[in-house]
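Asks: Structure in structure tokens, see below.
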Amino acid sequence: MIRRTALRFLPAITMAVFLLAFTARAQVKPAVQRIVVPPDWVAAHLHDPSLVLLEIGEKSDYDRGHIPGARFLEFDKVSTPEGSGLDLELPPVDELVKVFQDVGVTDQSKVVVYFGKEWVTAAARVYLTLDYLGLRGRAFYLDGGLPAWRRAGHELSTETPHFSRGTLTAHPRSDV
């Protein structure tokens, strides 16, 4: 008699276990974080006062035309000077913080890094440096860089923006 009663409730018990397992899995699943942003996303956020656009590449290319409001960042500033360590080794955290403060990055900034022309890996390195400093969730990479910005029909600027030096607190991430 007990066996028949248990069998009668088996579908309901199975469904309850399935729902509990699915709910628990959904809660554990990490949220997807946006890292790469399209040109139209950048265009829609151009007037956001917390947005800092950093072009990585050649200064002469930047001077010929860049995304309005973008600041130029020399790639060498996020690498140890030649002869001072390993090639492409990160400088000490306090030096990196100064580099990003000098281009106006603050604790409230949303930073979009992009390459001007064919500097994909250098721009990616700058993004990863920001991630290492603790800006995950506030650092982004422009999909396709300046060439994609142009293809999307967005305007360029030759004006060098005026900005204040930032105040940035580093939270170095040993897992990066």
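To be explicit about the labels: the chains of the structure tokens are called A, B, and onward in the order shown, and within each one the residues are counted from 1, while ligands get numbers from 1 in the order they are shown.
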Name the residues in contact with range 91-105 of chain A at a cut-off of 10 Å, using only C-alpha atoms, excluding same-chain residues fewer than 4 positions from it; report them as a PyMOL selection string.
Replies: chain A and resi 50-54+70-74+77-81+84-85+109-111+129-130+132-133+162-172
Asks: Please save N, CA and C atoms of the selected residues as an mmCIF file, in the first residue's frame.
Replies:
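Heads up, here's the output in again-v4.cif:
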data_model
loop_
_atom_site.group_PDB
_atom_site.id
_atom_site.type_symbol
_atom_site.label_atom_id
_atom_site.label_comp_id
_atom_site.auth_asym_id
_atom_site.auth_seq_id
_atom_site.Cartn_x
_atom_site.Cartn_y
_atom_site.Cartn_z
ATOM 1 N N SER A 50 31.473 60.082 -17.494
ATOM 2 C CA SER A 50 32.372 59.082 -16.918
ATOM 3 C C SER A 50 33.133 58.294 -17.985
ATOM 4 N N LEU A 51 32.799 58.511 -19.267
ATOM 5 C CA LEU A 51 33.443 57.776 -20.354
ATOM 6 C C LEU A 51 34.834 58.331 -20.655
ATOM 7 N N VAL A 52 35.816 57.445 -20.699
ATOM 8 C CA VAL A 52 37.175 57.799 -21.104
ATOM 9 C C VAL A 52 37.536 56.892 -22.272
ATOM 10 N N LEU A 53 37.768 57.496 -23.436
ATOM 11 C CA LEU A 53 38.178 56.752 -24.631
ATOM 12 C C LEU A 53 39.686 56.857 -24.769
ATOM 13 N N LEU A 54 40.341 55.710 -24.924
ATOM 14 C CA LEU A 54 41.791 55.687 -25.075
ATOM 15 C C LEU A 54 42.169 55.063 -26.408
ATOM 16 N N ALA A 70 38.390 61.268 -27.597
ATOM 17 C CA ALA A 70 39.383 60.240 -27.274
ATOM 18 C C ALA A 70 40.712 60.873 -26.874
ATOM 19 N N ARG A 71 41.388 60.181 -25.989
ATOM 20 C CA ARG A 71 42.716 60.584 -25.534
ATOM 21 C C ARG A 71 43.725 59.579 -26.074
ATOM 22 N N PHE A 72 44.910 60.059 -26.374
ATOM 23 C CA PHE A 72 45.945 59.179 -26.889
ATOM 24 C C PHE A 72 46.752 58.617 -25.728
ATOM 25 N N LEU A 73 47.021 57.318 -25.783
ATOM 26 C CA LEU A 73 47.854 56.672 -24.768
ATOM 27 C C LEU A 73 48.972 55.924 -25.474
ATOM 28 N N GLU A 74 50.204 56.275 -25.131
ATOM 29 C CA GLU A 74 51.357 55.575 -25.697
ATOM 30 C C GLU A 74 51.441 54.183 -25.094
ATOM 31 N N LYS A 77 53.912 53.215 -22.305
ATOM 32 C CA LYS A 77 53.683 53.637 -20.915
ATOM 33 C C LYS A 77 53.157 52.508 -20.032
ATOM 34 N N VAL A 78 52.640 51.436 -20.647
ATOM 35 C CA VAL A 78 52.137 50.315 -19.851
ATOM 36 C C VAL A 78 53.055 49.101 -19.946
ATOM 37 N N SER A 79 54.307 49.347 -20.354
ATOM 38 C CA SER A 79 55.313 48.292 -20.413
ATOM 39 C C SER A 79 56.581 48.782 -19.716
ATOM 40 N N THR A 80 57.317 47.855 -19.160
ATOM 41 C CA THR A 80 58.587 48.192 -18.542
ATOM 42 C C THR A 80 59.539 48.697 -19.628
ATOM 43 N N PRO A 81 60.248 49.799 -19.362
ATOM 44 C CA PRO A 81 61.187 50.321 -20.376
ATOM 45 C C PRO A 81 62.213 49.264 -20.772
ATOM 46 N N SER A 84 64.981 47.306 -18.663
ATOM 47 C CA SER A 84 64.635 47.385 -17.239
ATOM 48 C C SER A 84 63.910 46.153 -16.729
ATOM 49 N N GLY A 85 63.710 45.176 -17.565
ATOM 50 C CA GLY A 85 62.980 43.972 -17.178
ATOM 51 C C GLY A 85 62.694 43.141 -18.407
ATOM 52 N N SER A 109 35.349 56.116 -13.689
ATOM 53 C CA SER A 109 35.431 56.054 -15.157
ATOM 54 C C SER A 109 34.968 54.724 -15.734
ATOM 55 N N LYS A 110 34.363 54.840 -16.924
ATOM 56 C CA LYS A 110 34.147 53.705 -17.812
ATOM 57 C C LYS A 110 35.130 53.921 -18.953
ATOM 58 N N VAL A 111 36.076 53.006 -19.108
ATOM 59 C CA VAL A 111 37.161 53.203 -20.063
ATOM 60 C C VAL A 111 36.964 52.294 -21.269
ATOM 61 N N THR A 129 45.526 45.353 -18.839
ATOM 62 C CA THR A 129 46.192 46.095 -17.766
ATOM 63 C C THR A 129 45.154 46.768 -16.878
ATOM 64 N N LEU A 130 44.137 47.360 -17.496
ATOM 65 C CA LEU A 130 43.047 47.964 -16.717
ATOM 66 C C LEU A 130 42.325 46.905 -15.888
ATOM 67 N N TYR A 132 43.611 44.122 -14.797
ATOM 68 C CA TYR A 132 44.543 43.769 -13.723
ATOM 69 C C TYR A 132 44.476 44.785 -12.577
ATOM 70 N N LEU A 133 44.325 46.063 -12.915
ATOM 71 C CA LEU A 133 44.274 47.110 -11.893
ATOM 72 C C LEU A 133 42.948 47.143 -11.143
ATOM 73 N N HIS A 162 40.292 68.400 -23.611
ATOM 74 C CA HIS A 162 40.814 68.909 -22.345
ATOM 75 C C HIS A 162 40.167 68.091 -21.238
ATOM 76 N N PHE A 163 40.965 67.658 -20.293
ATOM 77 C CA PHE A 163 40.435 66.850 -19.191
ATOM 78 C C PHE A 163 41.316 67.049 -17.969
ATOM 79 N N SER A 164 40.777 66.717 -16.843
ATOM 80 C CA SER A 164 41.521 66.808 -15.588
ATOM 81 C C SER A 164 42.212 65.487 -15.308
ATOM 82 N N ARG A 165 43.296 65.581 -14.577
ATOM 83 C CA ARG A 165 43.986 64.374 -14.129
ATOM 84 C C ARG A 165 43.034 63.612 -13.219
ATOM 85 N N GLY A 166 43.032 62.312 -13.342
ATOM 86 C CA GLY A 166 42.133 61.484 -12.553
ATOM 87 C C GLY A 166 42.719 61.083 -11.211
ATOM 88 N N THR A 167 41.845 60.530 -10.391
ATOM 89 C CA THR A 167 42.248 59.925 -9.126
ATOM 90 C C THR A 167 41.780 58.484 -9.189
ATOM 91 N N LEU A 168 42.723 57.562 -9.221
ATOM 92 C CA LEU A 168 42.409 56.155 -9.416
ATOM 93 C C LEU A 168 42.991 55.329 -8.268
ATOM 94 N N THR A 169 42.160 54.479 -7.708
ATOM 95 C CA THR A 169 42.597 53.564 -6.668
ATOM 96 C C THR A 169 42.736 52.182 -7.296
ATOM 97 N N ALA A 170 43.920 51.645 -7.242
ATOM 98 C CA ALA A 170 44.159 50.317 -7.823
ATOM 99 C C ALA A 170 43.726 49.225 -6.865
ATOM 100 N N HIS A 171 43.176 48.176 -7.438
ATOM 101 C CA HIS A 171 42.836 46.944 -6.709
ATOM 102 C C HIS A 171 43.400 45.799 -7.533
ATOM 103 N N PRO A 172 44.750 45.638 -7.512
ATOM 104 C CA PRO A 172 45.392 44.644 -8.367
ATOM 105 C C PRO A 172 44.798 43.244 -8.189
#
Asks: DSSP on the backbone, helix (DSSP H, G or I) only: what residues of range 15-157 of chain A does that give? Format it as a ChimeraX atom specification.
Replies: /A:15-28,39-44,59-64,75-78,93-102,120-132,145-151
Asks: Residues at most 10 Å from Ala123 in chain A, counting only C-alpha atoms, excluding those fewer than 4 positions away in the same chain, as a ChimeraX atom specification?
Replies: /A:54-57,73,75,112-116,118-119,127-129,141-142,145
Asks: Please produce a file of those selected residues containing N, CA and C atoms, as a PDB file, in the first residue's frame.
Replies:
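Final output, part_15.pdb:
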ATOM      1  N   LEU A  54      40.341  55.710 -24.924  1.00  0.00           N
ATOM      2  CA  LEU A  54      41.791  55.687 -25.075  1.00  0.00           C
ATOM      3  C   LEU A  54      42.169  55.063 -26.408  1.00  0.00           C
ATOM      4  N   GLU A  55      42.796  55.861 -27.271  1.00  0.00           N
ATOM      5  CA  GLU A  55      43.286  55.328 -28.539  1.00  0.00           C
ATOM      6  C   GLU A  55      44.726  54.885 -28.358  1.00  0.00           C
ATOM      7  N   ILE A  56      45.004  53.663 -28.822  1.00  0.00           N
ATOM      8  CA  ILE A  56      46.342  53.097 -28.775  1.00  0.00           C
ATOM      9  C   ILE A  56      46.828  52.973 -30.213  1.00  0.00           C
ATOM     10  N   GLY A  57      48.006  53.448 -30.482  1.00  0.00           N
ATOM     11  CA  GLY A  57      48.541  53.372 -31.843  1.00  0.00           C
ATOM     12  C   GLY A  57      49.643  54.373 -32.028  1.00  0.00           C
ATOM     13  N   LEU A  73      47.021  57.318 -25.783  1.00  0.00           N
ATOM     14  CA  LEU A  73      47.854  56.672 -24.768  1.00  0.00           C
ATOM     15  C   LEU A  73      48.972  55.924 -25.474  1.00  0.00           C
ATOM     16  N   PHE A  75      51.522  53.194 -25.940  1.00  0.00           N
ATOM     17  CA  PHE A  75      51.586  51.809 -25.479  1.00  0.00           C
ATOM     18  C   PHE A  75      52.781  51.570 -24.573  1.00  0.00           C
ATOM     19  N   VAL A 112      36.978  52.889 -22.451  1.00  0.00           N
ATOM     20  CA  VAL A 112      36.920  52.123 -23.691  1.00  0.00           C
ATOM     21  C   VAL A 112      38.268  52.280 -24.388  1.00  0.00           C
ATOM     22  N   VAL A 113      38.914  51.153 -24.601  1.00  0.00           N
ATOM     23  CA  VAL A 113      40.212  51.119 -25.273  1.00  0.00           C
ATOM     24  C   VAL A 113      39.975  50.704 -26.717  1.00  0.00           C
ATOM     25  N   TYR A 114      40.671  51.364 -27.632  1.00  0.00           N
ATOM     26  CA  TYR A 114      40.559  50.955 -29.037  1.00  0.00           C
ATOM     27  C   TYR A 114      41.870  51.207 -29.756  1.00  0.00           C
ATOM     28  N   PHE A 115      42.059  50.464 -30.835  1.00  0.00           N
ATOM     29  CA  PHE A 115      43.254  50.655 -31.650  1.00  0.00           C
ATOM     30  C   PHE A 115      42.926  51.608 -32.790  1.00  0.00           C
ATOM     31  N   GLY A 116      43.943  52.413 -33.137  1.00  0.00           N
ATOM     32  CA  GLY A 116      43.760  53.351 -34.236  1.00  0.00           C
ATOM     33  C   GLY A 116      43.901  52.665 -35.577  1.00  0.00           C
ATOM     34  N   GLU A 118      45.562  48.869 -36.808  1.00  0.00           N
ATOM     35  CA  GLU A 118      46.306  47.609 -36.748  1.00  0.00           C
ATOM     36  C   GLU A 118      47.097  47.371 -35.464  1.00  0.00           C
ATOM     37  N   TRP A 119      46.720  47.975 -34.365  1.00  0.00           N
ATOM     38  CA  TRP A 119      47.388  47.752 -33.081  1.00  0.00           C
ATOM     39  C   TRP A 119      46.477  46.935 -32.177  1.00  0.00           C
ATOM     40  N   TYR A 127      43.711  47.000 -22.337  1.00  0.00           N
ATOM     41  CA  TYR A 127      42.474  46.540 -21.683  1.00  0.00           C
ATOM     42  C   TYR A 127      42.813  45.587 -20.527  1.00  0.00           C
ATOM     43  N   LEU A 128      43.693  44.613 -20.769  1.00  0.00           N
ATOM     44  CA  LEU A 128      44.049  43.643 -19.729  1.00  0.00           C
ATOM     45  C   LEU A 128      44.782  44.309 -18.560  1.00  0.00           C
ATOM     46  N   THR A 129      45.526  45.353 -18.839  1.00  0.00           N
ATOM     47  CA  THR A 129      46.192  46.095 -17.766  1.00  0.00           C
ATOM     48  C   THR A 129      45.154  46.768 -16.878  1.00  0.00           C
ATOM     49  N   TYR A 141      36.500  47.121 -24.612  1.00  0.00           N
ATOM     50  CA  TYR A 141      37.330  47.082 -25.810  1.00  0.00           C
ATOM     51  C   TYR A 141      36.418  47.342 -26.998  1.00  0.00           C
ATOM     52  N   LEU A 142      36.752  48.341 -27.807  1.00  0.00           N
ATOM     53  CA  LEU A 142      35.921  48.674 -28.971  1.00  0.00           C
ATOM     54  C   LEU A 142      36.116  47.636 -30.059  1.00  0.00           C
ATOM     55  N   GLY A 145      37.935  48.498 -33.429  1.00  0.00           N
ATOM     56  CA  GLY A 145      38.720  49.719 -33.297  1.00  0.00           C
ATOM     57  C   GLY A 145      38.229  50.866 -34.163  1.00  0.00           C
TER      58      GLY A 145
END
Asks: Do you know which residues are at most 8 Å from range 41-44 of chain A counting only C-alpha atoms, after dropping those on the same chain fewer than 3 positions away, and could you put them as a short mmCIF file (atom, residue, chain, number, x, y, z; two decimals) with C-alpha atoms, in the first residue's frame?
Replies:
data_model
loop_
_atom_site.label_atom_id
_atom_site.label_comp_id
_atom_site.auth_asym_id
_atom_site.auth_seq_id
_atom_site.Cartn_x
_atom_site.Cartn_y
_atom_site.Cartn_z
CA VAL A 37 31.42 46.97 -27.24
CA PRO A 38 30.31 47.92 -30.76
CA HIS A 47 28.36 62.43 -23.80
CA LEU A 142 35.92 48.67 -28.97
CA HIS A 154 30.65 57.94 -37.23
#
Asks: Identify which of the residues A:Asp61, A:Glu89, A:Arg173, A:His66 lies closest to Asp131 in chain A, counting only C-alpha atoms when measuring atom-to-atom distances.
Replies: A:Arg173
Asks: What parts of range 78-152 of chain A does DSSP call strand (DSSP E or B)? I'd like the answer as a list of chain:residue names.
Replies: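 Taking range 78-152 of chain A and keeping strand (DSSP E or B) only, one gets A:Lys110, A:Val111, A:Val112, A:Val113, A:Tyr114, A:Phe115, A:Ala139, A:Phe140, A:Tyr141, A:Leu142.
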Asks: Now that the selection is made, can you save its residues with N, CA, C and O atoms as a CSV table (one decimal), in the first residue's frame?
Replies:
chain,number,residue,atom,x,y,z
A,110,LYS,N,34.4,54.8,-16.9
A,110,LYS,CA,34.1,53.7,-17.8
A,110,LYS,C,35.1,53.9,-19.0
A,110,LYS,O,35.0,54.9,-19.6
A,111,VAL,N,36.1,53.0,-19.1
A,111,VAL,CA,37.2,53.2,-20.1
A,111,VAL,C,37.0,52.3,-21.3
A,111,VAL,O,36.8,51.1,-21.1
A,112,VAL,N,37.0,52.9,-22.5
A,112,VAL,CA,36.9,52.1,-23.7
A,112,VAL,C,38.3,52.3,-24.4
A,112,VAL,O,38.7,53.4,-24.7
A,113,VAL,N,38.9,51.2,-24.6
A,113,VAL,CA,40.2,51.1,-25.3
A,113,VAL,C,40.0,50.7,-26.7
A,113,VAL,O,39.2,49.8,-27.0
A,114,TYR,N,40.7,51.4,-27.6
A,114,TYR,CA,40.6,51.0,-29.0
A,114,TYR,C,41.9,51.2,-29.8
A,114,TYR,O,42.7,52.0,-29.3
A,115,PHE,N,42.1,50.5,-30.8
A,115,PHE,CA,43.3,50.7,-31.7
A,115,PHE,C,42.9,51.6,-32.8
A,115,PHE,O,41.8,51.6,-33.3
A,139,ALA,N,35.9,48.5,-17.8
A,139,ALA,CA,36.9,48.7,-18.9
A,139,ALA,C,36.3,47.8,-20.1
A,139,ALA,O,35.8,46.7,-19.9
A,140,PHE,N,36.4,48.4,-21.2
A,140,PHE,CA,35.8,47.8,-22.4
A,140,PHE,C,36.8,47.9,-23.6
A,140,PHE,O,37.7,48.7,-23.6
A,141,TYR,N,36.5,47.1,-24.6
A,141,TYR,CA,37.3,47.1,-25.8
A,141,TYR,C,36.4,47.3,-27.0
A,141,TYR,O,35.4,46.7,-27.2
A,142,LEU,N,36.8,48.3,-27.8
A,142,LEU,CA,35.9,48.7,-29.0
A,142,LEU,C,36.1,47.6,-30.1
A,142,LEU,O,37.2,47.5,-30.6
Asks: Find the distance between CA of His45 in chain A and CA of Ser60 in chain A and write it in Å to one decimal.
Replies: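 Between these atoms lies a distance of 25.7 Å.
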Asks: Quick one: of A:Val120, A:Val176, A:Val36, A:Leu46, who's nearest to Leu146 in chain A, counting only C-alpha atoms?
Replies: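 Using only C-alpha atoms, the shortest distance to Leu146 in chain A belongs to A:Val120.
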Asks: In Å to one decimal, how far is CA of Gln33 in chain A from CA of Asp48 in chain A?
Replies: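 The value is 20.0 Å.
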